[in-house]
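> Pasting a structure here, questions to come.
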Amino acid sequence: MLAYLSRYTHRIAIANSRLVAFDGQRVTFKWKDYRAKGDARYKLMTLDADEFIRRFLIHVLPDGFHRIRHYGLFANANRAANIALARRLLGAPDPASSSSDNDGTENPHQDSEWNVCPCCGGRMIIIETFEPGCQPRQWPIPSIGLDSS
């Protein structure tokens, strides 16, 4: 059974190297417990062959389907080129280099807490900065269904 399944495991649900043993009734394989630390993180699990095959087949995609992580704008193989192309098409400047010799004069708000949205926890983007008591140059366009109260 291990020899048969190993032909189908490459890049699907479990690497061939994680299959440890098969005794005719049960399959033993290695797995990683992300809650544990150190060497206790790597463990062995033994399942009945039927249960192992059931769990394995959950991860097998039907013909014609592809895993999303291998395609798209941010796919690993083309990520840098696609992001550069998107920046060029949008006219966005290249990101500032993340060098360690930054003296802190470019952006005084480098800590991660200053621009966190109090509602959703997402990163807020600065659209305009103006002095207290002054009017912004351009008022935001109201969105339908947006309640800013």
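Quick note on naming: the chains in the structure tokens go A, B, ... in the order shown, residues restart at 1 in each chain, and ligands are numbered from 1 in order of appearance.
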Can you tell me which residues surround Arg55 of chain A at a distance of at most 10 Å, considering only C-alpha atoms, apart from same-chain residues fewer than 6 positions away, and format the answer as a list in words?
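After dropping sequence-adjacent residues, the list is Ala13, Leu47 and Ala49 of chain A.
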> Based on the selection just made, write N, CA, C and O atoms of those residues as a short mmCIF file (atom, residue, chain, number, x, y, z; two decimals), in the first residue's frame.

```
data_model
loop_
_atom_site.label_atom_id
_atom_site.label_comp_id
_atom_site.auth_asym_id
_atom_site.auth_seq_id
_atom_site.Cartn_x
_atom_site.Cartn_y
_atom_site.Cartn_z
N ALA A 13 -0.82 15.77 -0.41
CA ALA A 13 -1.23 15.87 0.98
C ALA A 13 -0.12 15.53 1.97
O ALA A 13 -0.09 16.07 3.05
N LEU A 47 -2.74 5.30 12.09
CA LEU A 47 -4.17 5.26 11.79
C LEU A 47 -4.49 3.96 11.07
O LEU A 47 -3.64 3.39 10.39
N ALA A 49 -5.85 1.90 8.02
CA ALA A 49 -5.64 2.20 6.61
C ALA A 49 -6.84 2.95 6.02
O ALA A 49 -6.67 3.91 5.26
#
```
> Please compute the atom CA of Val60 of chain A-atom CA of Gly24 of chain A distance, one decimal, in Å.
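Pair atom CA of Val60 of chain A / atom CA of Gly24 of chain A returns 23.0 Å.
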> As a PyMOL selection string, list the residues of segment 51-87 of chain A assigned to alpha helix (DSSP H) by DSSP on the backbone atoms of this structure.
chain A and resi 51-58+79-87
> Identify which of the residues A:Val116, A:Leu57, A:Leu73, A:Ile126 lies closest to Ile14 of chain A, counting only C-alpha atoms when measuring atom-to-atom distances.
A:Leu57
> Select, from A:Thr129, A:Asn78, A:Thr46, A:Thr28, the residue with the minimum atom-to-atom distance to Asn16 of chain A, counting only C-alpha atoms.
A:Thr28
